[in-house]
$ cat my_file.txt   # compact mmCIF, C-alpha atoms
# COMPACT_ATOMS: atom_id res chain seq x y z
CA MET A 742 0.00 0.00 0.00
CA ALA A 743 1.40 3.37 -1.00
CA ARG A 744 1.86 6.10 1.56
CA ALA A 745 1.20 9.74 0.89
CA ALA A 746 4.21 11.99 1.15
CA ARG A 747 4.22 14.29 4.14
CA LYS A 748 4.36 18.02 3.66
CA THR A 749 7.60 19.75 4.47
CA GLY A 750 7.67 22.56 6.99
CA LEU A 751 7.49 25.24 4.30
CA GLU A 752 4.57 23.55 2.54
CA LEU A 753 2.73 23.17 5.82
CA GLY A 754 3.37 26.81 6.71
CA LEU A 755 2.13 27.96 3.30
CA HIS A 756 -0.96 25.79 3.65
CA ILE A 757 -1.77 27.29 7.07
CA ALA A 758 -1.13 30.82 5.76
CA GLY A 759 -3.50 30.14 2.84
CA LEU A 760 -6.20 28.93 5.19
CA ALA A 761 -5.77 31.98 7.42
CA TRP A 762 -5.80 34.36 4.42
CA SER A 763 -9.04 32.91 3.06
CA HIS A 764 -10.85 32.94 6.41
CA PRO A 765 -13.87 35.31 6.46
CA ASN A 766 -12.65 37.16 9.55
CA THR A 767 -9.32 37.85 7.87
CA ALA A 768 -11.18 39.24 4.85
CA ARG A 769 -13.15 41.52 7.17
CA LEU A 770 -9.94 42.63 8.87
CA ARG A 771 -8.39 43.48 5.50
CA GLY A 772 -11.50 45.48 4.63
CA GLY A 773 -11.19 47.39 7.90
CA LEU A 774 -7.54 48.13 7.17
CA VAL A 775 -8.43 49.45 3.70
CA ALA A 776 -11.12 51.67 5.23
CA ALA A 777 -8.73 52.97 7.91
CA THR A 778 -6.13 53.72 5.24
CA GLY A 779 -8.76 55.62 3.28
CA VAL A 780 -9.66 57.69 6.35
CA ALA A 781 -5.98 58.46 6.95
CA LEU A 782 -5.58 59.49 3.31
CA ALA A 783 -8.65 61.73 3.58
CA ILE A 784 -7.19 63.40 6.69
CA ALA A 785 -3.86 63.89 4.91
CA LEU A 786 -5.60 65.40 1.89
CA ALA A 787 -7.80 67.64 4.02
CA THR A 788 -4.75 69.13 5.74
CA TYR A 789 -2.68 69.40 2.54
CA ASN A 790 -0.31 72.35 2.33
CA ALA A 791 1.70 72.97 -0.82
CA THR A 792 4.64 74.33 1.21
CA ASP A 793 5.07 71.13 3.25
CA PRO A 794 8.28 69.19 2.60
CA SER A 795 7.67 66.11 0.46
CA LEU A 796 9.46 63.98 -2.11
CA ASN A 797 10.06 66.82 -4.57
CA ALA A 798 9.81 69.90 -2.37
CA ALA A 799 11.90 71.11 0.54
CA GLY A 800 10.48 73.41 3.17
CA LEU A 801 12.11 75.54 5.81
CA GLY A 802 9.89 74.35 8.62
CA GLY A 803 8.38 71.03 9.54
CA PRO A 804 5.27 69.64 7.88
CA THR A 805 1.94 71.20 8.88
CA ASN A 806 -0.04 68.14 7.79
CA ALA A 807 -2.08 66.43 10.50
CA LEU A 808 -0.26 63.16 9.81
CA GLY A 809 3.19 64.70 9.76
CA GLY A 810 5.78 64.01 7.10
CA VAL A 811 4.13 60.80 5.89
CA GLY A 812 0.79 62.57 5.50
CA ALA A 813 2.41 65.49 3.70
CA THR A 814 4.12 63.12 1.27
CA LEU A 815 0.95 61.08 0.64
CA ALA A 816 -1.15 64.21 0.15
CA ASP A 817 1.43 65.70 -2.21
CA MET A 818 1.58 62.52 -4.28
CA GLY A 819 -2.21 62.34 -4.40
CA VAL A 820 -2.69 65.95 -5.42
CA GLN A 821 0.09 65.85 -8.00
CA SER A 822 -1.08 62.59 -9.58
CA LEU A 823 -4.88 62.74 -9.36
CA GLY A 824 -5.52 66.36 -8.45
CA LEU A 825 -8.84 66.98 -6.77
CA ALA A 826 -9.92 63.42 -7.60
CA ALA A 827 -7.55 62.16 -4.86
CA GLY A 828 -10.29 62.92 -2.35
CA VAL A 829 -12.64 60.68 -4.31
CA ALA A 830 -9.98 57.95 -4.21
CA ALA A 831 -9.91 58.17 -0.41
CA LEU A 832 -13.72 58.02 -0.33
CA LEU A 833 -13.71 54.92 -2.55
CA MET A 834 -11.19 53.23 -0.26
CA VAL A 835 -13.40 53.90 2.76
CA MET A 836 -16.55 52.70 0.99
CA PHE A 837 -15.11 49.46 -0.37
CA GLY A 838 -13.23 48.71 2.85
CA LEU A 839 -16.34 49.16 4.97
CA TYR A 840 -18.40 47.09 2.55
CA ARG A 841 -15.88 44.28 2.87
CA ALA A 842 -15.70 44.63 6.66
CA VAL A 843 -19.45 44.41 7.27
CA SER A 844 -20.24 41.81 4.60
CA PRO A 845 -21.75 38.68 6.18
CA GLU A 846 -20.13 36.41 3.58
CA PRO A 847 -17.01 38.12 2.18
CA ASP A 848 -16.11 35.12 0.00
CA LEU A 849 -19.41 35.22 -1.87
CA THR A 850 -19.14 38.94 -2.67
CA ARG A 851 -15.42 38.99 -3.55
CA ARG A 852 -15.90 38.99 -7.33
CA VAL A 853 -18.62 41.65 -7.26
CA VAL A 854 -16.59 43.93 -4.99
CA ARG A 855 -13.50 43.62 -7.18
CA LEU A 856 -15.52 44.39 -10.31
CA ARG A 857 -17.08 47.44 -8.65
CA ALA A 858 -13.67 48.59 -7.45
CA LEU A 859 -12.28 48.27 -10.98
CA VAL A 860 -15.15 50.32 -12.37
CA GLY A 861 -14.61 52.84 -9.55
CA VAL A 862 -10.91 53.19 -10.40
CA LEU A 863 -11.72 53.68 -14.09
CA GLY A 864 -14.30 56.32 -13.17
CA LEU A 865 -11.78 57.96 -10.86
CA LEU A 866 -9.22 58.21 -13.65
CA ALA A 867 -11.87 59.66 -15.97
CA LEU A 868 -12.83 62.19 -13.30
CA ALA A 869 -9.18 63.16 -12.81
CA GLY A 870 -8.84 63.73 -16.55
CA LEU A 871 -12.05 65.76 -16.67
CA LEU A 872 -10.97 67.95 -13.75
CA ALA A 873 -7.56 68.51 -15.35
CA ALA A 874 -9.07 69.89 -18.57
CA PRO A 875 -9.93 73.47 -17.51
CA PRO A 876 -7.07 75.84 -16.67
CA PRO A 877 -6.35 76.11 -12.92
CA PRO A 878 -7.38 79.28 -11.12
CA HIS A 879 -4.70 81.85 -10.28
CA ALA A 880 -5.10 81.16 -6.55
CA TRP A 881 -4.19 77.48 -6.99
CA PRO A 882 -1.10 76.79 -4.81
CA LEU A 883 0.71 74.59 -7.32

$ encode --input "my_file.txt" --output "structure tokens"
Amino acid sequence: MARAARKTGLELGLHIAGLAWSHPNTARLRGGLVAATGVALAIALATYNATDPSLNAAGLGGPTNALGGVGATLADMGVQSLGLAAGVAALLMVMFGLYRAVSPEPDLTRRVVRLRALVGVLGLLALAGLLAAPPPPHAWPL
């Protein structure tokens, strides 16, 4: 009679990690982390200051952003890449993260949530392009 080969330590560890990753509570935790990251991004964007030091700008003083240097850098990257649509990106992160966190069966809704997130990202890019079309006002800090 043939015996099945035992799993090595690495294979067993990967199997346990796969089971933990696919557990519904872990999916809810990941959704909560996405929502919390979206809230932090919204706070960073709300307290954005163009004179804060970031990746491509040096300032004389410290950052005035509510989240410090990390928040100033994230807000600067968001405003320079997406413009005003960066706030919508933070809102989408909060919405999809909360939806995932409160879903009774996260595994059943995974495909639908990913499709909606993809459509949301495409809409976000279209919104960023639409908002970039008119010339900026003279009071714009950038």

$ closest_residue --input "my_file.txt" --among "A:Ala874, A:Ala758, A:Met818, A:Leu786" --to "Thr805 in chain A" --atoms "only C-alpha atoms"
A:Leu786

$ closest_residue --input "my_file.txt" --among "A:Leu770, A:Ala880, A:Ala858, A:Leu782" --to "Asp817 in chain A" --atoms "only C-alpha atoms"
A:Leu782

$ atom_distance --input "my_file.txt" --atom1 "CA of Arg855 in chain A" --atom2 "CA of Ala777 in chain A"
18.4 Å

$ closest_residue --input "my_file.txt" --among "A:Val843, A:Leu751, A:Ala826, A:Met836" --to "Arg769 in chain A" --atoms "all atoms listed in the file"
A:Val843

$ atom_distance --input "my_file.txt" --atom1 "CA of Gly861 in chain A" --atom2 "CA of Ala816 in chain A"
20.1 Å

$ closest_residue --input "my_file.txt" --among "A:Gly759, A:Gly828, A:Gly810, A:Gly779" --to "Thr792 in chain A" --atoms "only C-alpha atoms"
A:Gly810

$ closest_residue --input "my_file.txt" --among "A:Ala813, A:Val854, A:Val829, A:Val775" --to "Tyr789 in chain A" --atoms "all atoms listed in the file"
A:Ala813

$ atom_distance --input "my_file.txt" --atom1 "CA of Ala785 in chain A" --atom2 "CA of Pro804 in chain A"
11.2 Å

$ closest_atom_pairs --input "my_file.txt" --of "range 789-852 of chain A" --to "range 771-774 of chain A" --cutoff "12 Å" --atoms "all atoms listed in the file" --output "Markdown table"
| residue | atom | partner | partner_atom | distance |
| --- | --- | --- | --- | --- |
| A:Met834 | CA | A:Gly772 | CA | 9.2 |
| A:Val835 | CA | A:Gly773 | CA | 8.6 |
| A:Met836 | CA | A:Gly772 | CA | 9.5 |
| A:Phe837 | CA | A:Gly772 | CA | 7.3 |
| A:Gly838 | CA | A:Gly772 | CA | 4.1 |
| A:Leu839 | CA | A:Gly772 | CA | 6.1 |
| A:Tyr840 | CA | A:Gly772 | CA | 7.4 |
| A:Arg841 | CA | A:Gly772 | CA | 4.9 |
| A:Ala842 | CA | A:Gly772 | CA | 4.7 |
| A:Val843 | CA | A:Gly772 | CA | 8.4 |
| A:Ser844 | CA | A:Gly772 | CA | 9.5 |
| A:Pro847 | CA | A:Gly772 | CA | 9.5 |
| A:Arg851 | CA | A:Gly772 | CA | 11.2 |

$ build_atoms --input "my_file.txt" --residues "range 790-811 of chain A" --atoms "N, CA and C atoms" --output "PDB file, in the coordinates of the input"
ATOM      1  N   ASN A 790      -0.907  71.031   2.463  1.00  0.00           N
ATOM      2  CA  ASN A 790      -0.310  72.350   2.330  1.00  0.00           C
ATOM      3  C   ASN A 790       0.799  72.233   1.292  1.00  0.00           C
ATOM      4  N   ALA A 791       0.734  73.069   0.267  1.00  0.00           N
ATOM      5  CA  ALA A 791       1.700  72.970  -0.820  1.00  0.00           C
ATOM      6  C   ALA A 791       3.126  73.274  -0.373  1.00  0.00           C
ATOM      7  N   THR A 792       3.292  73.971   0.750  1.00  0.00           N
ATOM      8  CA  THR A 792       4.640  74.330   1.210  1.00  0.00           C
ATOM      9  C   THR A 792       5.246  73.275   2.132  1.00  0.00           C
ATOM     10  N   ASP A 793       4.516  72.204   2.413  1.00  0.00           N
ATOM     11  CA  ASP A 793       5.070  71.130   3.250  1.00  0.00           C
ATOM     12  C   ASP A 793       6.201  70.421   2.525  1.00  0.00           C
ATOM     13  N   PRO A 794       7.223  69.973   3.252  1.00  0.00           N
ATOM     14  CA  PRO A 794       8.280  69.190   2.600  1.00  0.00           C
ATOM     15  C   PRO A 794       7.721  67.827   2.170  1.00  0.00           C
ATOM     16  N   SER A 795       8.103  67.407   0.974  1.00  0.00           N
ATOM     17  CA  SER A 795       7.670  66.110   0.460  1.00  0.00           C
ATOM     18  C   SER A 795       8.778  65.543  -0.412  1.00  0.00           C
ATOM     19  N   LEU A 796       8.431  64.634  -1.304  1.00  0.00           N
ATOM     20  CA  LEU A 796       9.460  63.980  -2.110  1.00  0.00           C
ATOM     21  C   LEU A 796      10.166  64.939  -3.066  1.00  0.00           C
ATOM     22  N   ASN A 797       9.441  65.929  -3.582  1.00  0.00           N
ATOM     23  CA  ASN A 797      10.060  66.820  -4.570  1.00  0.00           C
ATOM     24  C   ASN A 797      10.060  68.275  -4.128  1.00  0.00           C
ATOM     25  N   ALA A 798       9.813  68.526  -2.866  1.00  0.00           N
ATOM     26  CA  ALA A 798       9.810  69.900  -2.370  1.00  0.00           C
ATOM     27  C   ALA A 798      10.462  69.923  -0.986  1.00  0.00           C
ATOM     28  N   ALA A 799      11.267  70.931  -0.760  1.00  0.00           N
ATOM     29  CA  ALA A 799      11.900  71.110   0.540  1.00  0.00           C
ATOM     30  C   ALA A 799      11.297  72.359   1.180  1.00  0.00           C
ATOM     31  N   GLY A 800      11.031  72.262   2.456  1.00  0.00           N
ATOM     32  CA  GLY A 800      10.480  73.410   3.170  1.00  0.00           C
ATOM     33  C   GLY A 800      11.402  73.817   4.298  1.00  0.00           C
ATOM     34  N   LEU A 801      11.267  75.045   4.712  1.00  0.00           N
ATOM     35  CA  LEU A 801      12.110  75.540   5.810  1.00  0.00           C
ATOM     36  C   LEU A 801      11.678  74.950   7.147  1.00  0.00           C
ATOM     37  N   GLY A 802      10.394  74.869   7.357  1.00  0.00           N
ATOM     38  CA  GLY A 802       9.890  74.350   8.620  1.00  0.00           C
ATOM     39  C   GLY A 802       9.462  72.898   8.488  1.00  0.00           C
ATOM     40  N   GLY A 803       8.889  72.386   9.552  1.00  0.00           N
ATOM     41  CA  GLY A 803       8.380  71.030   9.540  1.00  0.00           C
ATOM     42  C   GLY A 803       7.044  70.966   8.820  1.00  0.00           C
ATOM     43  N   PRO A 804       6.550  69.782   8.572  1.00  0.00           N
ATOM     44  CA  PRO A 804       5.270  69.640   7.880  1.00  0.00           C
ATOM     45  C   PRO A 804       4.114  70.105   8.767  1.00  0.00           C
ATOM     46  N   THR A 805       3.130  70.752   8.160  1.00  0.00           N
ATOM     47  CA  THR A 805       1.940  71.200   8.880  1.00  0.00           C
ATOM     48  C   THR A 805       0.795  70.220   8.717  1.00  0.00           C
ATOM     49  N   ASN A 806       1.001  69.137   8.012  1.00  0.00           N
ATOM     50  CA  ASN A 806      -0.040  68.140   7.790  1.00  0.00           C
ATOM     51  C   ASN A 806      -0.382  67.459   9.109  1.00  0.00           C
ATOM     52  N   ALA A 807      -1.637  67.080   9.266  1.00  0.00           N
ATOM     53  CA  ALA A 807      -2.080  66.430  10.500  1.00  0.00           C
ATOM     54  C   ALA A 807      -1.386  65.097  10.731  1.00  0.00           C
ATOM     55  N   LEU A 808      -0.939  64.439   9.676  1.00  0.00           N
ATOM     56  CA  LEU A 808      -0.260  63.160   9.810  1.00  0.00           C
ATOM     57  C   LEU A 808       1.256  63.273   9.700  1.00  0.00           C
ATOM     58  N   GLY A 809       1.756  64.482   9.772  1.00  0.00           N
ATOM     59  CA  GLY A 809       3.190  64.700   9.760  1.00  0.00           C
ATOM     60  C   GLY A 809       3.802  64.558   8.383  1.00  0.00           C
ATOM     61  N   GLY A 810       5.043  64.123   8.351  1.00  0.00           N
ATOM     62  CA  GLY A 810       5.780  64.010   7.100  1.00  0.00           C
ATOM     63  C   GLY A 810       5.183  62.961   6.167  1.00  0.00           C
ATOM     64  N   VAL A 811       4.731  61.845   6.723  1.00  0.00           N
ATOM     65  CA  VAL A 811       4.130  60.800   5.890  1.00  0.00           C
ATOM     66  C   VAL A 811       2.846  61.324   5.254  1.00  0.00           C
TER      67      VAL A 811
END
